[in-house]
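Data block below; observations after.
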Amino acid sequence: MYKLLLGIITLCLTGCLDTKEKTLEEKNQGLVYCAEANPVSFNPQVTTTGSTIDIIANQLYDRLISIDPITAEFKSELATDWKISPDGKSVTFTLRKDVKFHTTSYFTPSRDFNADDVIFTFSRLFDVYNPYHFVGDANYPYFQSVGIDQLIRQIVRVSDHQVRFELFNAESSFLANMATDFAVLLSREYALQLKEREQTNLFDQYPVGTGPYIYKEYRRDHLVRYYRNPDYWKHKVALEQLVYDITPNGTTRIAKMLTKECDITAHPSSTQLSILAQRDDIVVQKETNLNIGYWAFNTQRPPFDDLRVRKALAHAIDIEKIMQAVYYGNGIRAKSILPPTSWAFQAQTKLPGFDPDLAKKLLADAGLPNGFDMTIWAMPVSRIYNPNARKMAELMQSDLRKIGINVSIIEYEWNTFIQRIGEHRHDSVLLGWAADTPDPDNFFSPLLSCTATFSGKNPANWCNPEFDLLLTQALDTTDLAMRKTYYQQAQTMIVQELPLLPLAHGMRFQARSADVEGVQLGPFGAISLANARKK
């Protein structure tokens with residue numbers, strides 16, 4: 001009787017465990033992420049658009065190194081070790097072995113990741129003999145804006161699993177830039193196969209990486225679908241399928257969240273947070289983030305080429321009203337282009353304050369006593385640094401009308417918007433930047449350097465050699481105190497010349513279903529869903 005009872009209990013327990021494991025497996029068959037915009041590309045080298053980087057960078061690819069979000073120390077990824085020469089002009093990376101590239105419907109790798117892939121990936125930025133250098137008009141916005149394409153002299157293949165980057169000069173932010181979401185590793189073998197077929201134009205649209213997920217399909221304005229990478233080198237990926245539901249409208253994203261059509265949603269607005277917080281089945285995540293929302297003026301277009309006009313515009317708007325009506329207490333007013341958590345931050349005491357009378361006087365001094373007509377381009381998507389650009393533009397429109405300036409608000413679909421801003425078609429634009437690394441240069445070179453202007457990624461269209469010299473001096477030394485001095489001078493120059501007006505630093509929000517775990521927001525960089533799973 002005892003043995004019979006024991007057998008029944010064992011059978012029941014086995015059945016319960018099997019059912020539990022089956023249920024967990026079924027739950028992890030897929031996760032749906034409501035994204036705010038279509039991806040511009042599937043290669044992070046060729047774009048700086050945050051919504052695109054969130055979708056592609058950490059899901060499809062890996063980097064040589066990364067930065068720990070808590071300690072800010074460099075961590076090994078596809079490089080297990082790295083050594084810097086005494087003069088700082090040479091960095092040798094030892095590469096991880098047994099890392100496989102994705103097998104897709106359009107590519108089957110015949111070998112593992114090695115030094116040839118590193119050389120191909122980064123030589124594309126600067127080597128005119130690389131078969132992909134001119135694919136996509138040789139436009140590599142992040143790397144060009146920070147000068148990486150001018151910094152690397154050559155990349156030497158030491159062995160199958162060791163490469164040496166030889167630089168023209170030592171640069172203190174080189175490793176930080178190699179750890180960004182843009183510095184992903186690409187497959188040389190795949191690239192050469194496409195070249196043989198005369199299909200190089202497909203390389204940036206049909207991705208092959210080493211990351212946790214494999215590209216399956218993309219339907220514009222509908223979805224992006226990935227499958228689990230069964231050969232992922234770091235760990236087993238729990239989700240069988242990852243889908244990005246392209247939903248530009250923030251209200252629709254929240255509706256899909258409430259009706260369980262989405263497991264995670266990007267950038268819920270401040271007004272929606274209270275609704276989400278009332279739900280036991282939804283978790284709202286909040287993270288202090290290194291970012292800046294700003295109002296940039298096209299400094300090469302009259303009358304915005306006149307500093308008095310830029311100052312008049314800055315004095316005419318009530319930023320405190322914007323903070324209340326747009327950020328709802330979930331952001332802080334900017335005192336510099338750098339956020340207060342940056343080690344180089346210095347609060348700027350001479351930022352223009354709300355003073356309509358002074359604004360009118362400045363316009364009169366500039367020969368525009370009756371005002372003028374202008375445009376403010378407003379982002380069509382919600383971002384960390386600006387949750388509602390349209391509403392912000394409308395508030396500015398009202399303030400500027402009081403000093404005789406007639407404002408038209410311009411909006412386009414996100415990818416078109418970014419393209420036309422890069423062509424400098426705007427008078428002024430409400431944009432922002434979320435940092436990729438904690439290095440202060442990440443806020444200066446990509447936004448305001450002369451090289452960023454030439455690559456179309458400087459929305460102020462502002463090139464100041466004195467400003468660039470400060471950035472160069474900061475990068476030429478590893479002395480933290482000296483770097484801080486140069487960056488503080490750069491912050492002061494921005495306020496003096498006002499190519500853009502720093503507005504606010506926002507909090508990063510994300511809503512997820514309570515049964516989703518392993519999704520962490522970081523203070524910088526794109527989101528990663530490599531560890532996502534359902535409980």
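Each chain in the structure tokens gets a letter, A, B, ..., in the order shown, and its residues are numbered from 1; ligands are numbered from 1 in order too.
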May I have the residues within 8 Å of stretch 512-522 of chain A as a PyMOL selection string, using only C-alpha atoms and disregarding those fewer than 3 positions away in the same chain?
chain A and resi 69+257+263-265+280-287+289+508+525-529+531-535
Within 10 Å of A:Phe454, counting only C-alpha atoms, which residues show up once you throw out same-chain ones fewer than 2 positions away? Write them as a PDB file with all heavy atoms, in the first residue's frame, please.
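See result_9.pdb below for the written result:
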ATOM      1  N   PRO A 141      27.806  58.467 -39.081  1.00  0.00           N
ATOM      2  CA  PRO A 141      27.639  59.714 -38.324  1.00  0.00           C
ATOM      3  C   PRO A 141      28.271  59.756 -36.945  1.00  0.00           C
ATOM      4  O   PRO A 141      28.910  60.748 -36.598  1.00  0.00           O
ATOM      5  CB  PRO A 141      26.116  59.882 -38.254  1.00  0.00           C
ATOM      6  CG  PRO A 141      25.550  58.540 -38.590  1.00  0.00           C
ATOM      7  CD  PRO A 141      26.517  57.904 -39.510  1.00  0.00           C
ATOM      8  N   GLN A 144      32.199  59.560 -37.315  1.00  0.00           N
ATOM      9  CA  GLN A 144      32.724  60.771 -37.941  1.00  0.00           C
ATOM     10  C   GLN A 144      32.626  61.966 -37.007  1.00  0.00           C
ATOM     11  O   GLN A 144      33.524  62.808 -36.970  1.00  0.00           O
ATOM     12  CB  GLN A 144      31.980  61.028 -39.260  1.00  0.00           C
ATOM     13  CG  GLN A 144      32.336  60.019 -40.343  1.00  0.00           C
ATOM     14  CD  GLN A 144      31.397  60.049 -41.527  1.00  0.00           C
ATOM     15  OE1 GLN A 144      30.279  60.546 -41.434  1.00  0.00           O
ATOM     16  NE2 GLN A 144      31.827  59.485 -42.648  1.00  0.00           N
ATOM     17  N   SER A 145      31.557  62.040 -36.239  1.00  0.00           N
ATOM     18  CA  SER A 145      31.383  63.187 -35.343  1.00  0.00           C
ATOM     19  C   SER A 145      32.395  63.186 -34.202  1.00  0.00           C
ATOM     20  O   SER A 145      32.788  64.244 -33.710  1.00  0.00           O
ATOM     21  CB  SER A 145      29.956  63.211 -34.780  1.00  0.00           C
ATOM     22  OG  SER A 145      29.722  62.107 -33.924  1.00  0.00           O
ATOM     23  N   GLY A 422      19.201  66.624 -40.967  1.00  0.00           N
ATOM     24  CA  GLY A 422      20.581  66.417 -41.395  1.00  0.00           C
ATOM     25  C   GLY A 422      20.942  67.233 -42.615  1.00  0.00           C
ATOM     26  O   GLY A 422      22.120  67.570 -42.834  1.00  0.00           O
ATOM     27  N   SER A 449      30.505  69.514 -32.804  1.00  0.00           N
ATOM     28  CA  SER A 449      31.821  69.630 -33.430  1.00  0.00           C
ATOM     29  C   SER A 449      31.673  69.980 -34.908  1.00  0.00           C
ATOM     30  O   SER A 449      30.620  69.786 -35.512  1.00  0.00           O
ATOM     31  CB  SER A 449      32.599  68.319 -33.289  1.00  0.00           C
ATOM     32  OG  SER A 449      31.965  67.291 -34.035  1.00  0.00           O
ATOM     33  N   CYS A 450      32.746  70.495 -35.491  1.00  0.00           N
ATOM     34  CA  CYS A 450      32.734  70.800 -36.927  1.00  0.00           C
ATOM     35  C   CYS A 450      32.535  69.540 -37.759  1.00  0.00           C
ATOM     36  O   CYS A 450      31.826  69.564 -38.774  1.00  0.00           O
ATOM     37  CB  CYS A 450      34.034  71.501 -37.321  1.00  0.00           C
ATOM     38  SG  CYS A 450      34.199  73.181 -36.646  1.00  0.00           S
ATOM     39  N   THR A 451      33.146  68.432 -37.343  1.00  0.00           N
ATOM     40  CA  THR A 451      32.977  67.185 -38.094  1.00  0.00           C
ATOM     41  C   THR A 451      31.531  66.708 -38.054  1.00  0.00           C
ATOM     42  O   THR A 451      31.036  66.127 -39.020  1.00  0.00           O
ATOM     43  CB  THR A 451      33.910  66.078 -37.561  1.00  0.00           C
ATOM     44  OG1 THR A 451      33.765  65.976 -36.138  1.00  0.00           O
ATOM     45  CG2 THR A 451      35.354  66.388 -37.890  1.00  0.00           C
ATOM     46  N   ALA A 452      30.835  66.961 -36.937  1.00  0.00           N
ATOM     47  CA  ALA A 452      29.425  66.595 -36.856  1.00  0.00           C
ATOM     48  C   ALA A 452      28.597  67.452 -37.811  1.00  0.00           C
ATOM     49  O   ALA A 452      27.599  66.999 -38.371  1.00  0.00           O
ATOM     50  CB  ALA A 452      28.916  66.752 -35.425  1.00  0.00           C
ATOM     51  N   GLY A 456      26.324  66.129 -41.146  1.00  0.00           N
ATOM     52  CA  GLY A 456      24.885  66.400 -41.082  1.00  0.00           C
ATOM     53  C   GLY A 456      24.244  66.049 -39.767  1.00  0.00           C
ATOM     54  O   GLY A 456      23.020  65.980 -39.671  1.00  0.00           O
ATOM     55  N   LYS A 457      25.053  65.831 -38.709  1.00  0.00           N
ATOM     56  CA  LYS A 457      24.492  65.425 -37.425  1.00  0.00           C
ATOM     57  C   LYS A 457      24.604  66.521 -36.365  1.00  0.00           C
ATOM     58  O   LYS A 457      24.392  66.267 -35.194  1.00  0.00           O
ATOM     59  CB  LYS A 457      25.176  64.143 -36.935  1.00  0.00           C
ATOM     60  CG  LYS A 457      24.951  62.947 -37.848  1.00  0.00           C
ATOM     61  CD  LYS A 457      23.473  62.665 -38.026  1.00  0.00           C
ATOM     62  CE  LYS A 457      23.219  61.549 -39.025  1.00  0.00           C
ATOM     63  NZ  LYS A 457      21.780  61.320 -39.254  1.00  0.00           N
ATOM     64  N   ASN A 458      24.944  67.722 -36.789  1.00  0.00           N
ATOM     65  CA  ASN A 458      25.016  68.869 -35.881  1.00  0.00           C
ATOM     66  C   ASN A 458      23.792  69.735 -36.168  1.00  0.00           C
ATOM     67  O   ASN A 458      23.790  70.511 -37.122  1.00  0.00           O
ATOM     68  CB  ASN A 458      26.321  69.630 -36.147  1.00  0.00           C
ATOM     69  CG  ASN A 458      26.500  70.854 -35.278  1.00  0.00           C
ATOM     70  OD1 ASN A 458      25.534  71.465 -34.835  1.00  0.00           O
ATOM     71  ND2 ASN A 458      27.742  71.235 -35.052  1.00  0.00           N
ATOM     72  N   ASN A 461      24.111  73.345 -36.931  1.00  0.00           N
ATOM     73  CA  ASN A 461      24.891  73.714 -38.114  1.00  0.00           C
ATOM     74  C   ASN A 461      25.979  74.724 -37.716  1.00  0.00           C
ATOM     75  O   ASN A 461      26.228  75.709 -38.419  1.00  0.00           O
ATOM     76  CB  ASN A 461      23.957  74.306 -39.180  1.00  0.00           C
ATOM     77  CG  ASN A 461      24.517  74.172 -40.582  1.00  0.00           C
ATOM     78  OD1 ASN A 461      25.542  73.529 -40.793  1.00  0.00           O
ATOM     79  ND2 ASN A 461      23.861  74.807 -41.546  1.00  0.00           N
ATOM     80  N   TRP A 462      26.619  74.451 -36.601  1.00  0.00           N
ATOM     81  CA  TRP A 462      27.558  75.384 -35.958  1.00  0.00           C
ATOM     82  C   TRP A 462      28.958  74.789 -35.958  1.00  0.00           C
ATOM     83  O   TRP A 462      29.157  73.670 -35.498  1.00  0.00           O
ATOM     84  CB  TRP A 462      27.098  75.639 -34.529  1.00  0.00           C
ATOM     85  CG  TRP A 462      27.888  76.622 -33.729  1.00  0.00           C
ATOM     86  CD1 TRP A 462      27.976  77.970 -33.917  1.00  0.00           C
ATOM     87  CD2 TRP A 462      28.668  76.343 -32.555  1.00  0.00           C
ATOM     88  NE1 TRP A 462      28.756  78.547 -32.934  1.00  0.00           N
ATOM     89  CE2 TRP A 462      29.197  77.579 -32.089  1.00  0.00           C
ATOM     90  CE3 TRP A 462      28.976  75.179 -31.851  1.00  0.00           C
ATOM     91  CZ2 TRP A 462      30.012  77.665 -30.955  1.00  0.00           C
ATOM     92  CZ3 TRP A 462      29.784  75.269 -30.725  1.00  0.00           C
ATOM     93  CH2 TRP A 462      30.295  76.503 -30.286  1.00  0.00           C
ATOM     94  N   CYS A 463      29.903  75.521 -36.490  1.00  0.00           N
ATOM     95  CA  CYS A 463      31.292  75.064 -36.501  1.00  0.00           C
ATOM     96  C   CYS A 463      32.166  76.175 -35.943  1.00  0.00           C
ATOM     97  O   CYS A 463      32.275  77.249 -36.539  1.00  0.00           O
ATOM     98  CB  CYS A 463      31.712  74.712 -37.931  1.00  0.00           C
ATOM     99  SG  CYS A 463      33.461  74.282 -38.098  1.00  0.00           S
TER     100      CYS A 463
END
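Residues in contact range of stretch 395-403 of chain A, defined as at most 8 Å between only C-alpha atoms, with sequence neighbours fewer than 5 positions away removed, read A:Leu313, A:Ala316, A:Ile317, A:Asp318, A:Ile322, A:Pro356, A:Ala359, A:Lys360, A:Gly371, A:Ser408.
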Would you mind exporting N, CA, C and O atoms of the selected residues as a JSON list (two decimals), in the first residue's frame?
[["chain", "number", "residue", "atom", "x", "y", "z"],
["A", 313, "LEU", "N", 15.37, 84.86, -28.71],
["A", 313, "LEU", "CA", 14.50, 83.69, -28.70],
["A", 313, "LEU", "C", 14.58, 82.95, -27.38],
["A", 313, "LEU", "O", 13.56, 82.51, -26.82],
["A", 316, "ALA", "N", 12.75, 84.74, -24.62],
["A", 316, "ALA", "CA", 11.30, 84.87, -24.84],
["A", 316, "ALA", "C", 10.49, 83.70, -24.32],
["A", 316, "ALA", "O", 9.27, 83.82, -24.12],
["A", 317, "ILE", "N", 11.12, 82.56, -24.08],
["A", 317, "ILE", "CA", 10.34, 81.37, -23.70],
["A", 317, "ILE", "C", 10.42, 81.11, -22.20],
["A", 317, "ILE", "O", 11.45, 81.34, -21.56],
["A", 318, "ASP", "N", 9.30, 80.65, -21.67],
["A", 318, "ASP", "CA", 9.18, 80.36, -20.24],
["A", 318, "ASP", "C", 9.47, 78.88, -20.01],
["A", 318, "ASP", "O", 8.58, 78.03, -20.16],
["A", 322, "ILE", "N", 7.28, 75.14, -19.37],
["A", 322, "ILE", "CA", 7.53, 73.93, -20.15],
["A", 322, "ILE", "C", 7.79, 72.74, -19.22],
["A", 322, "ILE", "O", 7.28, 71.63, -19.45],
["A", 356, "PRO", "N", 10.82, 88.68, -21.51],
["A", 356, "PRO", "CA", 10.29, 89.13, -22.80],
["A", 356, "PRO", "C", 10.72, 90.55, -23.18],
["A", 356, "PRO", "O", 10.94, 90.83, -24.36],
["A", 359, "ALA", "N", 14.09, 90.38, -24.55],
["A", 359, "ALA", "CA", 13.99, 89.74, -25.86],
["A", 359, "ALA", "C", 13.61, 90.75, -26.94],
["A", 359, "ALA", "O", 14.20, 90.77, -28.03],
["A", 360, "LYS", "N", 12.63, 91.62, -26.64],
["A", 360, "LYS", "CA", 12.22, 92.64, -27.60],
["A", 360, "LYS", "C", 13.36, 93.61, -27.90],
["A", 360, "LYS", "O", 13.58, 94.02, -29.04],
["A", 371, "GLY", "N", 9.68, 91.83, -35.33],
["A", 371, "GLY", "CA", 9.73, 90.38, -35.33],
["A", 371, "GLY", "C", 9.92, 89.80, -36.72],
["A", 371, "GLY", "O", 10.31, 90.50, -37.66],
["A", 408, "SER", "N", 5.63, 78.78, -37.16],
["A", 408, "SER", "CA", 4.95, 77.62, -37.75],
["A", 408, "SER", "C", 5.63, 76.36, -37.22],
["A", 408, "SER", "O", 6.86, 76.28, -37.19]]
Mind checking which residues fall within 10 Å of A:Ile84, counting only C-alpha atoms, ignoring those fewer than 5 positions away in the same chain, and posting them as a ChimeraX atom specification?
/A:89-93,164-165,170,175
Which is closer to A:Asp116 than all the others in A:Ala179, A:Leu167, A:Leu185, A:Ile67, using only C-alpha atoms?
A:Leu185
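Minimum atom-to-atom distance to A:Arg301, evaluated using only C-alpha atoms, belongs to A:Ser428 out of A:Asn330, A:Thr247, A:Thr259, A:Ser428.
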Which residue of A:Pro230, A:Gly353, A:Gly331, A:Pro340 approaches A:Gly211 most closely, using only C-alpha atoms:
A:Pro230
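As for atom CA of A:Asp245 and atom CA of A:Ser382, they are spaced 15.6 Å apart.
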Long-range neighbours of A:His102 as a PDB file with N, CA and C atoms, in the first residue's frame, 9 Å cut-off, only C-alpha atoms, 5 positions minimum in chain:
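Heads up, here's the output in selection_8.pdb:
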ATOM      1  N   LEU A  60      20.937  42.305 -31.910  1.00  0.00           N
ATOM      2  CA  LEU A  60      21.528  41.603 -33.041  1.00  0.00           C
ATOM      3  C   LEU A  60      23.042  41.463 -32.965  1.00  0.00           C
ATOM      4  N   PHE A 107      22.116  33.765 -45.240  1.00  0.00           N
ATOM      5  CA  PHE A 107      23.555  33.598 -45.008  1.00  0.00           C
ATOM      6  C   PHE A 107      23.815  32.443 -44.050  1.00  0.00           C
ATOM      7  N   THR A 108      24.785  31.607 -44.412  1.00  0.00           N
ATOM      8  CA  THR A 108      25.249  30.531 -43.546  1.00  0.00           C
ATOM      9  C   THR A 108      26.757  30.677 -43.370  1.00  0.00           C
ATOM     10  N   PRO A 109      27.231  30.987 -42.173  1.00  0.00           N
ATOM     11  CA  PRO A 109      28.674  31.186 -41.979  1.00  0.00           C
ATOM     12  C   PRO A 109      29.441  29.875 -42.091  1.00  0.00           C
ATOM     13  N   PRO A 207      20.667  42.125 -41.624  1.00  0.00           N
ATOM     14  CA  PRO A 207      21.800  42.043 -40.695  1.00  0.00           C
ATOM     15  C   PRO A 207      22.265  40.630 -40.376  1.00  0.00           C
ATOM     16  N   VAL A 208      23.555  40.540 -40.091  1.00  0.00           N
ATOM     17  CA  VAL A 208      24.170  39.321 -39.567  1.00  0.00           C
ATOM     18  C   VAL A 208      25.102  39.751 -38.444  1.00  0.00           C
ATOM     19  N   GLY A 209      24.821  39.285 -37.252  1.00  0.00           N
ATOM     20  CA  GLY A 209      25.659  39.624 -36.106  1.00  0.00           C
ATOM     21  C   GLY A 209      25.995  38.393 -35.298  1.00  0.00           C
ATOM     22  N   THR A 210      26.387  38.623 -34.036  1.00  0.00           N
ATOM     23  CA  THR A 210      26.671  37.518 -33.110  1.00  0.00           C
ATOM     24  C   THR A 210      25.784  37.599 -31.876  1.00  0.00           C
ATOM     25  N   GLY A 211      24.806  38.510 -31.889  1.00  0.00           N
ATOM     26  CA  GLY A 211      24.002  38.800 -30.708  1.00  0.00           C
ATOM     27  C   GLY A 211      22.954  37.756 -30.377  1.00  0.00           C
ATOM     28  N   TYR A 213      19.748  37.584 -30.724  1.00  0.00           N
ATOM     29  CA  TYR A 213      18.615  37.337 -31.614  1.00  0.00           C
ATOM     30  C   TYR A 213      19.050  37.423 -33.077  1.00  0.00           C
ATOM     31  N   ILE A 214      18.298  36.712 -33.931  1.00  0.00           N
ATOM     32  CA  ILE A 214      18.570  36.634 -35.364  1.00  0.00           C
ATOM     33  C   ILE A 214      17.423  37.307 -36.123  1.00  0.00           C
ATOM     34  N   TYR A 215      17.778  38.117 -37.092  1.00  0.00           N
ATOM     35  CA  TYR A 215      16.778  38.814 -37.904  1.00  0.00           C
ATOM     36  C   TYR A 215      15.922  37.821 -38.689  1.00  0.00           C
ATOM     37  N   ASN A 229      18.754  33.234 -31.015  1.00  0.00           N
ATOM     38  CA  ASN A 229      20.019  32.714 -31.541  1.00  0.00           C
ATOM     39  C   ASN A 229      20.399  31.482 -30.728  1.00  0.00           C
ATOM     40  N   ASP A 231      22.903  29.661 -30.895  1.00  0.00           N
ATOM     41  CA  ASP A 231      24.355  29.532 -30.706  1.00  0.00           C
ATOM     42  C   ASP A 231      24.950  30.722 -29.964  1.00  0.00           C
ATOM     43  N   TYR A 232      24.110  31.474 -29.252  1.00  0.00           N
ATOM     44  CA  TYR A 232      24.620  32.676 -28.580  1.00  0.00           C
ATOM     45  C   TYR A 232      25.706  32.300 -27.578  1.00  0.00           C
TER      46      TYR A 232
END
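Distance-wise, atom CA of A:Asp441 and atom CA of A:Glu171 end up 11.2 Å apart.
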All strand (DSSP E) positions in stretch 54-205 of chain A, as a PyMOL selection string:
chain A and resi 65-67+74-76+79-84+90-95+152-159+162-167
Expected file contents, prior selection, N, CA, C and O atoms, as a short mmCIF file (atom, residue, chain, number, x, y, z; two decimals), in the first residue's frame:
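Output contents, as saved in again27.cif:
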data_model
loop_
_atom_site.label_atom_id
_atom_site.label_comp_id
_atom_site.auth_asym_id
_atom_site.auth_seq_id
_atom_site.Cartn_x
_atom_site.Cartn_y
_atom_site.Cartn_z
N ILE A 65 34.06 45.51 -26.32
CA ILE A 65 33.98 45.76 -24.88
C ILE A 65 32.69 46.54 -24.60
O ILE A 65 32.06 47.07 -25.52
N SER A 66 32.30 46.59 -23.34
CA SER A 66 31.15 47.39 -22.92
C SER A 66 31.53 48.13 -21.65
O SER A 66 32.63 47.97 -21.12
N ILE A 67 30.60 48.95 -21.16
CA ILE A 67 30.83 49.72 -19.94
C ILE A 67 29.82 49.30 -18.89
O ILE A 67 28.61 49.29 -19.16
N PHE A 74 35.24 49.28 -17.82
CA PHE A 74 35.14 48.52 -19.07
C PHE A 74 35.03 47.03 -18.78
O PHE A 74 35.69 46.51 -17.89
N LYS A 75 34.17 46.36 -19.56
CA LYS A 75 33.95 44.93 -19.40
C LYS A 75 34.26 44.22 -20.71
O LYS A 75 34.06 44.76 -21.79
N SER A 76 34.73 42.98 -20.62
CA SER A 76 35.02 42.20 -21.81
C SER A 76 33.73 41.71 -22.46
O SER A 76 32.78 41.34 -21.77
N ALA A 79 35.99 40.87 -26.97
CA ALA A 79 37.42 40.93 -26.60
C ALA A 79 37.54 40.47 -25.16
O ALA A 79 36.84 40.99 -24.28
N THR A 80 38.40 39.51 -24.91
CA THR A 80 38.58 39.01 -23.55
C THR A 80 39.61 39.82 -22.78
O THR A 80 39.65 39.79 -21.56
N ASP A 81 40.43 40.56 -23.53
CA ASP A 81 41.49 41.34 -22.88
C ASP A 81 41.93 42.45 -23.84
O ASP A 81 41.75 42.33 -25.06
N TRP A 82 42.49 43.53 -23.30
CA TRP A 82 43.00 44.62 -24.13
C TRP A 82 44.15 45.28 -23.39
O TRP A 82 44.17 45.39 -22.18
N LYS A 83 45.13 45.71 -24.18
CA LYS A 83 46.32 46.35 -23.60
C LYS A 83 46.63 47.61 -24.38
O LYS A 83 46.61 47.62 -25.62
N ILE A 84 46.93 48.68 -23.65
CA ILE A 84 47.26 49.97 -24.25
C ILE A 84 48.76 50.17 -24.14
O ILE A 84 49.36 49.95 -23.09
N SER A 90 48.59 52.75 -29.31
CA SER A 90 48.33 51.39 -29.79
C SER A 90 47.48 50.65 -28.76
O SER A 90 47.79 50.68 -27.57
N VAL A 91 46.42 50.00 -29.23
CA VAL A 91 45.55 49.21 -28.35
C VAL A 91 45.40 47.83 -28.97
O VAL A 91 44.95 47.70 -30.12
N THR A 92 45.80 46.80 -28.22
CA THR A 92 45.73 45.42 -28.71
C THR A 92 44.60 44.68 -28.01
O THR A 92 44.54 44.64 -26.78
N PHE A 93 43.70 44.10 -28.81
CA PHE A 93 42.57 43.35 -28.28
C PHE A 93 42.78 41.86 -28.53
O PHE A 93 43.12 41.45 -29.64
N THR A 94 42.59 41.06 -27.49
CA THR A 94 42.57 39.60 -27.62
C THR A 94 41.11 39.18 -27.77
O THR A 94 40.27 39.56 -26.95
N LEU A 95 40.81 38.42 -28.79
CA LEU A 95 39.43 38.12 -29.15
C LEU A 95 38.94 36.80 -28.57
O LEU A 95 39.70 35.85 -28.41
N ILE A 152 42.17 56.39 -36.41
CA ILE A 152 42.79 55.08 -36.64
C ILE A 152 43.74 55.15 -37.84
O ILE A 152 43.31 55.45 -38.95
N ARG A 153 45.00 54.84 -37.60
CA ARG A 153 45.99 54.83 -38.68
C ARG A 153 45.91 53.53 -39.46
O ARG A 153 45.89 53.51 -40.67
N GLN A 154 45.86 52.43 -38.73
CA GLN A 154 45.68 51.12 -39.36
C GLN A 154 45.28 50.11 -38.28
O GLN A 154 45.46 50.35 -37.09
N ILE A 155 44.75 48.96 -38.74
CA ILE A 155 44.41 47.87 -37.84
C ILE A 155 45.21 46.66 -38.29
O ILE A 155 45.11 46.22 -39.44
N VAL A 156 46.02 46.14 -37.39
CA VAL A 156 46.96 45.06 -37.72
C VAL A 156 46.42 43.73 -37.22
O VAL A 156 46.00 43.61 -36.06
N ARG A 157 46.47 42.73 -38.10
CA ARG A 157 46.08 41.37 -37.72
C ARG A 157 47.29 40.69 -37.09
O ARG A 157 48.22 40.27 -37.77
N VAL A 158 47.28 40.55 -35.77
CA VAL A 158 48.39 39.91 -35.06
C VAL A 158 48.27 38.39 -35.20
O VAL A 158 49.25 37.69 -35.44
N SER A 159 47.05 37.89 -35.06
CA SER A 159 46.77 36.46 -35.22
C SER A 159 45.28 36.33 -35.46
O SER A 159 44.55 37.33 -35.54
N GLN A 162 43.73 38.05 -32.35
CA GLN A 162 44.33 39.25 -31.76
C GLN A 162 44.50 40.31 -32.84
O GLN A 162 44.98 40.03 -33.94
N VAL A 163 44.07 41.53 -32.52
CA VAL A 163 44.20 42.65 -33.45
C VAL A 163 44.78 43.85 -32.70
O VAL A 163 44.55 44.02 -31.50
N ARG A 164 45.50 44.67 -33.45
CA ARG A 164 46.09 45.87 -32.85
C ARG A 164 45.62 47.10 -33.61
O ARG A 164 45.81 47.23 -34.81
N PHE A 165 44.98 48.02 -32.88
CA PHE A 165 44.59 49.30 -33.44
C PHE A 165 45.74 50.29 -33.24
O PHE A 165 46.13 50.57 -32.10
N GLU A 166 46.27 50.79 -34.34
CA GLU A 166 47.34 51.79 -34.26
C GLU A 166 46.74 53.15 -34.58
O GLU A 166 46.11 53.34 -35.63
N LEU A 167 46.92 54.10 -33.67
CA LEU A 167 46.28 55.41 -33.76
C LEU A 167 47.28 56.49 -34.14
O LEU A 167 48.47 56.37 -33.85
#
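For the atom pair formed by atom CA of A:Val146 and atom CA of A:Lys484, the distance is 17.8 Å, given to one decimal.
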A:Ser110 surroundings by only C-alpha atoms, 10 Å radius, close-in-sequence under 6 positions cut, as a ChimeraX atom specification
/A:100-101,103,189-190
Store the residues picked out above in a file with N, CA and C atoms, as a CSV table (one decimal), in the first residue's frame.
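Output (part35.csv):
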chain,number,residue,atom,x,y,z
A,100,LYS,N,30.0,32.4,-32.8
A,100,LYS,CA,29.4,32.1,-34.2
A,100,LYS,C,28.6,33.3,-34.6
A,101,PHE,N,28.7,33.5,-35.9
A,101,PHE,CA,27.8,34.5,-36.5
A,101,PHE,C,26.4,33.8,-36.8
A,103,THR,N,23.2,32.3,-38.4
A,103,THR,CA,22.7,31.5,-39.6
A,103,THR,C,21.3,32.0,-39.9
A,189,GLU,N,32.8,37.8,-43.9
A,189,GLU,CA,32.4,36.7,-44.9
A,189,GLU,C,31.1,37.0,-45.5
A,190,TYR,N,30.1,37.5,-44.8
A,190,TYR,CA,28.8,37.9,-45.3
A,190,TYR,C,28.9,39.0,-46.3
Sel. of alpha helix (DSSP H) residues, stretch 61-146 of chain A, as a PyMOL selection string:
chain A and resi 115-123+141-146
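With only C-alpha atoms taken into account, the protein and nucleic acid residues at most 10 Å from A:Ile376 (excluding it and anything under 2 positions from it in its own chain) are Trp295, Ala296, Phe297, Met374, Ala378, Met379, Ala389, Arg390, Ala393, Glu394, Met396, Gln397, Val407, Ser408, Ile409, Ile410, Glu411, His426, Asp427, Ser428, Val429 and Leu430 of chain A.
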